[in-house]
There are 2 protein chains.
Amino acid sequence: MRKDSTATAVNNKNNNNNNNNNNNNNNRDGLITDVEEKKAFFKVINSFRCYGEYMQQNYWKPRAIKWDTLPKEQQECLPWYKSYLEEYRMCILQNAKFLNDVADHAIYSWGYHDEDNDDMEMQPSISDMEKTLSLFTQIVREWSEECKEERGISRKLILDALNSYKDKENTIILVPGCGLGRLIVDLVCEGYQVEGNEFTYHMLILLRYVLNSGLTINSIKIFPHIHTFSHFKTHLEQLKPTSIPDIDIYKSIMSDECKGAINSINTGSFIDLYGSNSNFIRYSDFYSIHPRITRAENTSSKNVIITQFFIDTGENILEYLESVSNCLVSGGYWINFGPLKYHFEDSYGAMDIYQKDVYSNGQEYNRHQNVPLRGLELSYDDIINVSCNGRFNFKLINSKFDILSTYGKNRNNLFNCAFWVMQKKR
Amino acid sequence: MRKDSTATAVNNKNNNNNNNNNNNNNNRDGLITDVEEKKAFFKVINSFRCYGEYMQQNYWKPRAIKWDTLPKEQQECLPWYKSYLEEYRMCILQNAKFLNDVADHAIYSWGYHDEDNDDMEMQPSISDMEKTLSLFTQIVREWSEECKEERGISRKLILDALNSYKDKENTIILVPGCGLGRLIVDLVCEGYQVEGNEFTYHMLILLRYVLNSGLTINSIKIFPHIHTFSHFKTHLEQLKPTSIPDIDIYKSIMSDECKGAINSINTGSFIDLYGSNSNFIRYSDFYSIHPRITRAENTSSKNVIITQFFIDTGENILEYLESVSNCLVSGGYWINFGPLKYHFEDSYGAMDIYQKDVYSNGQEYNRHQNVPLRGLELSYDDIINVSCNGRFNFKLINSKFDILSTYGKNRNNLFNCAFWVMQKKR
């Protein structure tokens, strides 16, 4: 296990957090000078800082106003409501404090300063704010005792599928869309060499906080359920705190018994980092000079790829399939678990695709304007067919459809998940 | 059973479809002269007429454009995709034809003419269009064989709860939010006297078409699943037609064996039609001169009220409780089934409440400006507590939380439903 080179669970040298930059060899100083990157970073930081105000303005205040307009006889029906609202506001403030700590840690960890933020004045969008709110669901899903059962559904399927690997220390697993890192840590504890990949600063900032800030078991108390008002058995359920993390992460992966390791957590688009060099680069080549070196290094380099709640997140699933196929070794396994709830299905957004030819060092090529984000939402059978009956060269080993799973243990969010294991033909 | 006065299943005389008017005694000619009402009607009619264009523009076309921008090697992975898109477009056209028939029937049925529409030029909003799309899910839920099992979950609970009524012909059941009428028809077939209440023209227009246009079993073929692209086992599932209705409605309720009857389907806000006269009227008094007569007639007049997928639809659940309590007879039952997924939970909308005093014949009173729609989302326990421990005077007979139900058999929509039976204390 490579744990000698750093005092933190994740090796900062390998943990390149530049959203637009996929070159693992860049140093941190190089990143800090990048203005676009810095803007993206501080936009997210500011969405963390604005959480308390946003929640009070949009979640607490409308309900307090509504309460005040109720006729007296209606107010008398709910004698507890006013103190409930006050308690609700206290939960917001506690969550805001947590996110402030995360923001402080991120600024230090990325090597920025608060003054950098003042210079930028980056205003978070509503979408930035809603992503920040959703982080509470994410952290509960991954790092709380209360979602142990929920995690168990996919964990058992995944570990069973990995059963054939006896030489775990030489088995390299890639987890694209690794989120807040729980799957990575669990796989490391099982003895594997694990590489993570994540795209958004929302996740990356909280991921680094969870992995690197030395949290002990249940040392943080948050109120993850206050962002929804539906489906509660009692209103106390909504205000119930959750403690995180449920394990001591640092101890778990640094112990002598743990033979696995986090090799790196690479930041950027999965397609741009792990796709084939015969395909164009979409997002990541604007600031990097050698994307094709990264891609070449990643080609046929992973024994296993695990996509978990990931395969439906992109605007072109075929690019995901190409990238999975590209970076697996011959005979390697692709394990998938998650819903087919295509993120861009309802989006009216469109994008200009400035694809770059990797071989001409970033020259623009084959540009499309206004390509809709929605579209190409393949069904379960379609994905399996296209993977196994054509150039992607997979063989289906195991599969299951319609596995019901909660999402952050919320009664509102129930997903029908798909599971499959495919092997890249030799 | 009152079925002599009309050749249609629902008595048009009683089926007052004026959205803003709750006076059952209004005649149809009276309604036709009402300009606001006519505008609301034709806005929905036009959303039916625009369906085909809207779907092609927003659902089909972006996907066709995206397909065209794919690299050739990606297109070759999905040799079926282009003909799938063509077939998808045919499904849109078929659905559009169905909605056009419904619109034609509505114009005839309400006594309007197409020229009235030309005069209005009412443009449907995006929200009108999305409601029109959602009607396909609604009609499948209520009137297709494929959702029989889904309906069965609530039907069994409801019929078991009604078991104590032996004199069915003298048992009057009210169904607020009766939608497309399936529950009403099922209860009539069981022998009860049933009264429906519905608020929106979207539902009312399709409801009247289903009940009154003389449909025979499976005579209509629609494609209800084309409005979503997620969670399909195969893409053929998305394009699968559904036949409706699964029963011959006219024959079912007009047969000699059927001892029940649809007493009336009253249009308007549940609160304004069935609330207590000691409360204000909110929506319905702008054009009616005698709302308090309707309310007085409805007070203590129903033996049973069944709210199904309804209790979470309002912006103030306490007003629903007041109205349920108001129009039940002493000893009457309130049966509820459905999720607590509050419709306005995420709404940023606000409304000015122009409440009217029923006793001063519509005089404005106690006005609040900008009252948020979100708020007052009571939990399951809260609803039961407030119903049973205070002025609403209910006794809890039976209850269950967390009953899982699909919604239109779609894998995307899974709801945790609550069920309860309460008795209004004597």
# chains A, B, ... in the order shown; residues from 1 in each chain; ligands from 1

$ interface_residues --of "chain B" --to "chain A" --cutoff "7 Å" --atoms "only C-alpha atoms" --output "PyMOL selection string"
chain B and resi 62-63+66+69+74+77+229-235+318+339-342+345+368+371-372+374-377+379-382+386+390+411+414+416

$ write_last_selection --atoms "N, CA, C and O atoms" --output "short mmCIF file (atom, residue, chain, number, x, y, z; two decimals), in the first residue's frame"
data_model
loop_
_atom_site.label_atom_id
_atom_site.label_comp_id
_atom_site.auth_asym_id
_atom_site.auth_seq_id
_atom_site.Cartn_x
_atom_site.Cartn_y
_atom_site.Cartn_z
N PRO B 62 -35.29 17.19 -30.44
CA PRO B 62 -33.95 17.23 -29.84
C PRO B 62 -33.22 15.90 -29.99
O PRO B 62 -32.01 15.87 -30.19
N ARG B 63 -33.98 14.82 -29.91
CA ARG B 63 -33.34 13.50 -30.02
C ARG B 63 -32.92 13.20 -31.46
O ARG B 63 -31.89 12.56 -31.70
N LYS B 66 -29.79 15.33 -32.00
CA LYS B 66 -28.63 14.73 -31.32
C LYS B 66 -28.10 13.56 -32.13
O LYS B 66 -26.88 13.42 -32.31
N THR B 69 -25.86 14.46 -34.91
CA THR B 69 -24.52 14.98 -34.59
C THR B 69 -23.56 13.87 -34.13
O THR B 69 -22.38 14.14 -33.93
N GLN B 74 -20.56 5.76 -33.79
CA GLN B 74 -21.58 5.64 -32.73
C GLN B 74 -22.95 5.32 -33.34
O GLN B 74 -23.69 4.50 -32.79
N CYS B 77 -23.42 1.71 -33.94
CA CYS B 77 -23.70 0.86 -32.77
C CYS B 77 -25.20 0.62 -32.60
O CYS B 77 -25.61 -0.34 -31.94
N PHE B 229 -38.20 8.72 -20.69
CA PHE B 229 -37.17 7.96 -21.40
C PHE B 229 -36.30 7.14 -20.45
O PHE B 229 -35.32 6.55 -20.87
N SER B 230 -36.67 7.13 -19.20
CA SER B 230 -35.84 6.45 -18.20
C SER B 230 -36.44 5.12 -17.77
O SER B 230 -37.65 4.91 -17.89
N HIS B 231 -35.58 4.26 -17.24
CA HIS B 231 -36.01 3.06 -16.52
C HIS B 231 -36.70 2.02 -17.38
O HIS B 231 -37.49 1.23 -16.86
N PHE B 232 -36.46 2.03 -18.68
CA PHE B 232 -37.10 1.01 -19.51
C PHE B 232 -36.23 -0.24 -19.60
O PHE B 232 -35.01 -0.17 -19.71
N LYS B 233 -36.90 -1.37 -19.56
CA LYS B 233 -36.20 -2.64 -19.76
C LYS B 233 -35.78 -2.76 -21.23
O LYS B 233 -34.66 -3.15 -21.52
N THR B 234 -36.69 -2.45 -22.13
CA THR B 234 -36.34 -2.38 -23.56
C THR B 234 -36.97 -1.11 -24.12
O THR B 234 -37.95 -0.60 -23.57
N HIS B 235 -36.45 -0.63 -25.25
CA HIS B 235 -37.05 0.59 -25.79
C HIS B 235 -38.43 0.32 -26.40
O HIS B 235 -39.22 1.23 -26.60
N LEU B 318 -55.06 21.97 6.33
CA LEU B 318 -56.06 22.16 7.38
C LEU B 318 -57.43 22.51 6.79
O LEU B 318 -58.47 22.12 7.32
N PRO B 339 -50.04 9.12 -1.21
CA PRO B 339 -48.78 9.57 -0.64
C PRO B 339 -48.93 10.91 0.07
O PRO B 339 -49.97 11.57 -0.08
N LEU B 340 -47.94 11.27 0.86
CA LEU B 340 -47.87 12.63 1.40
C LEU B 340 -46.72 13.33 0.68
O LEU B 340 -45.67 13.60 1.24
N LYS B 341 -46.96 13.56 -0.58
CA LYS B 341 -45.94 14.20 -1.43
C LYS B 341 -46.53 15.55 -1.80
O LYS B 341 -47.18 15.71 -2.83
N TYR B 342 -46.31 16.50 -0.94
CA TYR B 342 -47.02 17.78 -1.04
C TYR B 342 -46.71 18.50 -2.35
O TYR B 342 -45.56 18.79 -2.66
N GLU B 345 -44.72 21.74 -2.26
CA GLU B 345 -43.51 21.74 -1.45
C GLU B 345 -42.37 22.53 -2.10
O GLU B 345 -41.65 23.26 -1.43
N HIS B 368 -54.86 38.56 2.31
CA HIS B 368 -53.41 38.43 2.50
C HIS B 368 -52.73 38.50 1.15
O HIS B 368 -53.18 37.87 0.20
N VAL B 371 -48.99 35.17 -0.12
CA VAL B 371 -48.88 34.02 0.79
C VAL B 371 -48.20 32.88 0.02
O VAL B 371 -48.67 32.47 -1.05
N PRO B 372 -47.08 32.36 0.54
CA PRO B 372 -46.37 31.29 -0.19
C PRO B 372 -47.26 30.05 -0.34
O PRO B 372 -48.02 29.71 0.56
N ARG B 374 -45.92 27.04 -0.76
CA ARG B 374 -45.25 26.01 0.05
C ARG B 374 -45.52 26.23 1.52
O ARG B 374 -45.75 27.36 1.95
N GLY B 375 -45.47 25.17 2.27
CA GLY B 375 -45.64 25.31 3.71
C GLY B 375 -46.77 24.45 4.25
O GLY B 375 -47.64 23.99 3.50
N LEU B 376 -46.75 24.22 5.55
CA LEU B 376 -47.78 23.48 6.28
C LEU B 376 -47.88 22.03 5.80
O LEU B 376 -48.97 21.45 5.75
N GLU B 377 -46.73 21.44 5.48
CA GLU B 377 -46.72 20.05 5.01
C GLU B 377 -46.70 19.13 6.23
O GLU B 377 -45.64 18.82 6.77
N SER B 379 -46.91 15.88 8.63
CA SER B 379 -46.53 14.47 8.55
C SER B 379 -47.76 13.60 8.81
O SER B 379 -48.83 14.09 9.20
N TYR B 380 -47.58 12.33 8.58
CA TYR B 380 -48.64 11.33 8.83
C TYR B 380 -49.18 11.42 10.26
O TYR B 380 -50.39 11.56 10.48
N ASP B 381 -48.27 11.39 11.24
CA ASP B 381 -48.71 11.48 12.63
C ASP B 381 -49.40 12.82 12.92
O ASP B 381 -50.38 12.87 13.67
N ASP B 382 -48.86 13.89 12.34
CA ASP B 382 -49.47 15.21 12.55
C ASP B 382 -50.92 15.23 12.09
O ASP B 382 -51.80 15.77 12.78
N VAL B 386 -53.96 15.87 14.62
CA VAL B 386 -54.79 17.07 14.52
C VAL B 386 -56.24 16.67 14.22
O VAL B 386 -57.18 17.35 14.63
N GLY B 390 -58.84 17.22 18.61
CA GLY B 390 -59.20 18.63 18.62
C GLY B 390 -60.54 18.84 17.98
O GLY B 390 -61.38 17.94 17.96
N ARG B 411 -41.81 2.53 -13.71
CA ARG B 411 -40.74 2.21 -12.76
C ARG B 411 -40.14 3.46 -12.13
O ARG B 411 -39.49 3.41 -11.10
N LEU B 414 -42.54 5.64 -7.91
CA LEU B 414 -42.93 4.75 -6.82
C LEU B 414 -43.28 5.62 -5.63
O LEU B 414 -42.51 6.49 -5.24
N ASN B 416 -44.67 5.92 -1.57
CA ASN B 416 -45.04 5.33 -0.30
C ASN B 416 -46.35 5.97 0.14
O ASN B 416 -46.40 7.18 0.37
#

$ select_by_dssp --residues "region 193-422 of chain B" --states "strand (DSSP E)" --output "VMD selection string"
chain B and resid 193 to 198 220 to 222 242 to 244 261 to 267 302 to 308 328 to 339 350 to 353 356 to 357 363 to 364 368 to 372 394 to 407 410 to 422

$ residues_around --residues "Ile397 (chain B)" --least-positions-apart "3" --cutoff "7 Å" --atoms "only C-alpha atoms" --output "ChimeraX atom specification"
/B:421-423

$ residues_around --residues "Gln123 (chain A)" --least-positions-apart "5" --cutoff "9 Å" --atoms "only C-alpha atoms" --output "JSON, numbers by chain"
{"A": [42, 43, 44, 46, 47]}

$ residues_around --residues "Ser330 (chain B)" --least-positions-apart "6" --cutoff "12 Å" --atoms "only C-alpha atoms" --output "list in words"
Thr299, Ser300, Ser301, Lys302, Asn303, Val304, Val324, Phe392, Asn393, Phe394, Lys395, Met422, Gln423, Lys424, Lys425 and Arg426 of chain B

$ write_last_selection --atoms "C-alpha atoms" --output "compact mmCIF listing (two decimals), in the first residue's frame"
# COMPACT_ATOMS: atom_id res chain seq x y z
CA THR B 299 -72.88 20.27 5.38
CA SER B 300 -73.38 16.95 7.24
CA SER B 301 -74.63 15.36 4.05
CA LYS B 302 -72.18 12.56 3.21
CA ASN B 303 -71.88 9.18 4.85
CA VAL B 304 -68.35 8.59 3.60
CA VAL B 324 -63.97 16.75 5.23
CA PHE B 392 -62.12 18.05 13.87
CA ASN B 393 -63.59 15.43 16.15
CA PHE B 394 -62.38 12.24 14.46
CA LYS B 395 -61.71 8.84 15.98
CA MET B 422 -61.39 7.79 10.70
CA GLN B 423 -64.88 8.14 12.05
CA LYS B 424 -66.48 11.47 12.81
CA LYS B 425 -67.51 11.22 16.45
CA ARG B 426 -71.22 11.30 17.22

$ residues_around --residues "Pro176 (chain B)" --least-positions-apart "2" --cutoff "10 Å" --atoms "only C-alpha atoms" --output "list in words"
Ile173, Leu174, Cys178, Gly179, Glu195, Gly196, Asn197, Glu198, Phe199, Ile265, Asn266, Thr267, Gly268, Ser269, Phe270, Ile271, Tyr274, Ile305, Ile306, Thr307, Gln308, Phe309, Phe310, Ile311, Tyr320 and Val324 of chain B

$ write_last_selection --atoms "C-alpha atoms" --output "tab-separated table (two decimals), in the first residue's frame"
chain	number	residue	atom	x	y	z
B	173	ILE	CA	-69.99	8.66	-0.77
B	174	LEU	CA	-68.12	11.79	-1.80
B	178	CYS	CA	-62.19	12.28	-8.48
B	179	GLY	CA	-59.86	12.61	-11.49
B	195	GLU	CA	-70.76	12.11	-5.75
B	196	GLY	CA	-67.57	13.33	-7.41
B	197	ASN	CA	-65.74	16.62	-7.16
B	198	GLU	CA	-63.00	17.83	-9.46
B	199	PHE	CA	-61.33	21.18	-9.96
B	265	ILE	CA	-69.91	15.43	-10.39
B	266	ASN	CA	-69.46	18.88	-8.96
B	267	THR	CA	-66.88	21.20	-10.29
B	268	GLY	CA	-64.89	23.60	-8.22
B	269	SER	CA	-62.61	23.79	-5.23
B	270	PHE	CA	-63.34	21.14	-2.61
B	271	ILE	CA	-62.98	23.75	0.11
B	274	TYR	CA	-67.83	21.54	0.84
B	305	ILE	CA	-65.60	10.72	2.09
B	306	ILE	CA	-62.80	9.00	0.21
B	307	THR	CA	-59.68	11.01	-0.53
B	308	GLN	CA	-57.40	9.10	-2.85
B	309	PHE	CA	-54.14	10.68	-4.03
B	310	PHE	CA	-55.73	13.95	-2.98
B	311	ILE	CA	-54.85	15.04	0.55
B	320	TYR	CA	-59.10	20.06	3.58
B	324	VAL	CA	-63.97	16.75	5.23

$ atom_distance --atom1 "CA of Ala96 (chain B)" --atom2 "CA of Met129 (chain B)"
12.3 Å

$ residues_around --residues "His202 (chain A)" --least-positions-apart "5" --cutoff "8 Å" --atoms "only C-alpha atoms" --output "CSV table (one decimal) with N, CA and C atoms, in the first residue's frame"
chain,number,residue,atom,x,y,z
A,44,VAL,N,-18.3,27.3,-6.1
A,44,VAL,CA,-18.8,26.3,-5.2
A,44,VAL,C,-18.6,26.6,-3.7
A,131,LYS,N,-27.4,21.9,-5.7
A,131,LYS,CA,-26.4,20.8,-5.6
A,131,LYS,C,-25.8,20.8,-4.2
A,132,THR,N,-25.6,21.9,-3.7
A,132,THR,CA,-25.1,22.0,-2.3
A,132,THR,C,-26.0,21.3,-1.3
A,135,LEU,N,-25.9,17.6,-1.3
A,135,LEU,CA,-24.7,17.0,-0.7
A,135,LEU,C,-25.1,16.3,0.6

$ closest_residue --among "B:Gln355, B:Ser276, B:Ser83, B:Ser109" --to "Ser213 (chain B)" --atoms "only C-alpha atoms"
B:Ser109

$ atom_distance --atom1 "CA of Arg282 (chain B)" --atom2 "CA of Trp80 (chain A)"
26.6 Å
